[in-house]
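What follows is a single structure, written as structure tokens, with notes after it.
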Amino acid sequence: MALGKYTRVDSRRPSSNGYCSTVTIVVFVALCLAAVWMMTSSSVVPVQNVDVPQENKSDLNEQDSNDVGVKEQVSDTNDRQFEDNPGDLPDDATKGDSDGAAQGEDKVEEKSEDSTAERFVEKTQETPEEKTEDKIEDKTEDKIEDKTEDKIEEKTDKIVEKTEDKSEEKTEDGDSKAENGELNSEDAGKKSDGGESEKNSDSSDNDKKSDDDSDKKLGSSEEINDTEKVNGQIEEKLEVTDTKEADGEKKENEQAKNESSNEVFPSIAQSELLNETTTQNGSWSTQLAESKNEKEAQRTSNQKASYNWKVCNSTAGPDFIPCLDNLQAINSLRSTKHYEHRERHCPEEAPTCLLPLPEGYRRSIEWPTSREKIWYYNVPHAKLAQVKGHQNWVKVTGEYLTFPGGGTQFKRGALHYIDFIQESVPDIAWGKRSRVVLDVGCGVASFGGFLFDRDVLAMSLAPKDEHEAQVQFALERGIPAISAVMGTKRLPFPGKVFDVVHCARCRVPWHIEGGKLLLELNRVLRPGGFFVWSATPIYQKLAEDVEIWKAMKELTKAICWELVSISKDTINGVGIAIYKKPTSNECYEKRSQNEPPICATSDEPNAAWNVPLQACMHKVPVDATERGSEWPEQWPLRLDKPPYWLLSSQVGVYGKPAPEDFTADNEHWKHVVTKSYLNGMGINWTSVRNVMDMRAVYGGFAAAVKDLKIWVMNVVTVDSPDTLPIIYERGLYGMYHDWCESFSTYPRSYDLIHSDHLFSKLKKRCNLVAVVAEVDRILRPEGTLIVRDEVGTINELENMVRSMQWEVRMTYSKDKEGLLCVKKSIWRPKESETLQYAIA
């Protein structure tokens, strides 16, 4: 619709060129006013010399016959200045019909008032009668009183009204396609069919916008709202923060957007996000759920919370692990006989403070160089080097900690030791039959570090004990490890999942208390799997060693483990005993004594979260449809093939039959990783080694990145479907965890953390600020966090990480689903918070 009559035009810098029709009307109105004024003075301005549309001349005659009062006022005030910019003209004066002969146009269009002013000046300069122009400019130097100006504007409005009436009549006849007499510059550019001036104007506008975009600095956030509908989809929103790594993606996106209106964000649009949402929602949502989610999302997105971050002050300092360094709980323990003080004791409220960085901390050395050496100041602990240096565990070499590749049991190299094991028992078949290994009492994890060369994944496990920072050494080297102890509770793994369990000189008393600890290994070892034990009782004749060896022989026979090999490695000077777990219950049934006893049928072998240890054995599955009754496919075939025990009668996590659910998830993550994560997010994957998937489901993300030189810790949350056995069946690994608590790892452990629809679930029962603080704790400086979740949660997380001065590299939203990619900074707060339970 038309603008208000008396709305004034702001005097701003012209933003685009005016159209001929607009120029004609403005020139006409301005010169009419000049003519009225000049008629009462000694000078006469020949209005007919100005290029005025013929249809508007009748308006001029009508106006001349009705403005005697105006002429009288003007003649009395000859010193009033009449400026030649449209700052005092009403907006309606910028509208009118264009002369058909001017540019061959028959449309009514509206451009900005500033362009009108610019075109008015240009048209005046093009007038052939230079004397007339000079006289107008001379007279405009005179001043007119405000009252006269108001009356002139009133008369001008009448002229414009008549001009608009003619314009509206023309529109009704079909000569103009403008709707309601108003089009913005974008709509006019889209709906116009003819006129070279329109095309030139659009081209000029695009060039100007492109120039403006190119002037923006890298690192600044840019939010683009595209209101065009593409393929029937709703409005999209993308916010990209450019970094040096993402430079190319930004330029490619902008170029593609200019070239095609059908591909809004071709490179990083994350179009697969919708497919994932459809899959994860399973069956149709209810209106109640949709409305509730929308209200929660709006409330969350409108919430502008402020966060007052502080640095944690604890005795452990930069190496603080909340659930393992709760000194208050540890000091109140009645006994430490069973290593209770090495187990998890989480504080009542998870900490919301941020850990300080070690002085002199540097970005971690990349794999595989990190296997040989790491920066000393990243893990500034020399005690282990002093105690075990002569055994080739770790040495201090200048500003590095170096790892000669040996250990107590393989002083001449881990690879020789690994190959010797396979020579002793060829059925182990590293990287084919045996893919997933548990290394108990791992030391600095050199065994697991070199198993990568044989295409084997080893979960290295050791307590946070007097062997200072051994697990931290392993993680800094780029080797999988967690801080855990075999004490009074089950390990956080399902039953029957590890192909091999290894223990090299681990000082675990397997034989005591009815063999409770060895029976825990029996629980997690796959039927037909191997236990590799390399310890002094096998090859030394000390009284203590002889006694332990005798007890182990009796215990392993009682639990039906077969001693398949016992040999001595002459190069390393160590003996190795290798046992095999039975694949049937025949041996159990033939035992003369039921000791250790068979566990009750109600005992769930997969139950592992805070479950006390018991000195009993679970029967071996024999039903062909039961997990553990058969060995998985050889690696790597087992990665993409649905496990044989997933039945079509079972419903998968996403609502499809279980095998189809597995396959759909697998294909989905291949698409996401290939199309988005590897190419569209500016991540330098060569600097990524340690990766965590905070909510793994089937392990599809880890499977999709298997060809990269990385490893993925797949976490299955305790309140989600227990899919961790499927992950192990695929030849991957992971553990159970409750993200309302701290994870059992050292700070700065992971290069990249991935979270898929986890935080929106956690905030219903956890303090989300504490969860984000935990992510900050375990993520390395300059590490990457990728979050896929609903939009409200994404917005909330973005506010939090921005408050920690993290670099937001990308945000994306579509159909209430969002993606956030951020890079952790080295910023630390100035204020501190003392954690009383963590002070010695």
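Residues are named by chain letter and number: chains run A, B, ... in the order of the structure tokens, numbers start at 1 in each chain, and ligands are numbered from 1 in the order shown.
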Residue contacts of range 732-736 of chain A (6 Å, only C-alpha atoms) excluding same-chain residues fewer than 2 positions away, as a list in words: Pro492, Phe493, Met713, Asn714, Val715, Val716, Thr717, Ile727, Tyr728 and Arg730 of chain A
File of the preceding selection, C-alpha atoms, as a compact mmCIF listing (two decimals), in the first residue's frame:
```
# COMPACT_ATOMS: atom_id res chain seq x y z
CA PRO A 492 31.98 -50.47 32.92
CA PHE A 493 31.75 -52.93 30.01
CA MET A 713 35.64 -43.96 22.61
CA ASN A 714 31.97 -44.89 22.18
CA VAL A 715 29.96 -43.99 25.25
CA VAL A 716 26.53 -45.50 25.85
CA THR A 717 24.69 -43.58 28.53
CA ILE A 727 29.39 -51.75 19.16
CA TYR A 728 31.82 -54.42 20.36
CA ARG A 730 31.34 -54.54 15.14
```
Top pick for closest residue to Val574 in chain A, considering A:Ser720, A:Thr536, A:Ser760, A:Ser649 and counting only C-alpha atoms: A:Thr536
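Relative to CA of Ala445 in chain A, CA of His381 in chain A is found at 16.2 Å.
Restricting the calculation to only C-alpha atoms, the smallest distance between Cys506 in chain A and any of A:Asp439, A:Glu833, A:Asp325, A:Asp419 is found for A:Asp439.
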DSSP-assigned helix (DSSP H, G or I) among range 461-616 of chain A, expressed as a PyMOL selection string: chain A and resi 470-477+513-524+536-539+543-558+586-590
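With distances restricted to only C-alpha atoms, A:Trp669 is the closest residue to Val705 in chain A from A:Trp739, A:Trp367, A:Phe450, A:Trp669.
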Pick from A:Pro368, A:Gly317, A:Gly731, A:Gly398 nearest to Leu457 in chain A, counting only C-alpha atoms: A:Gly731
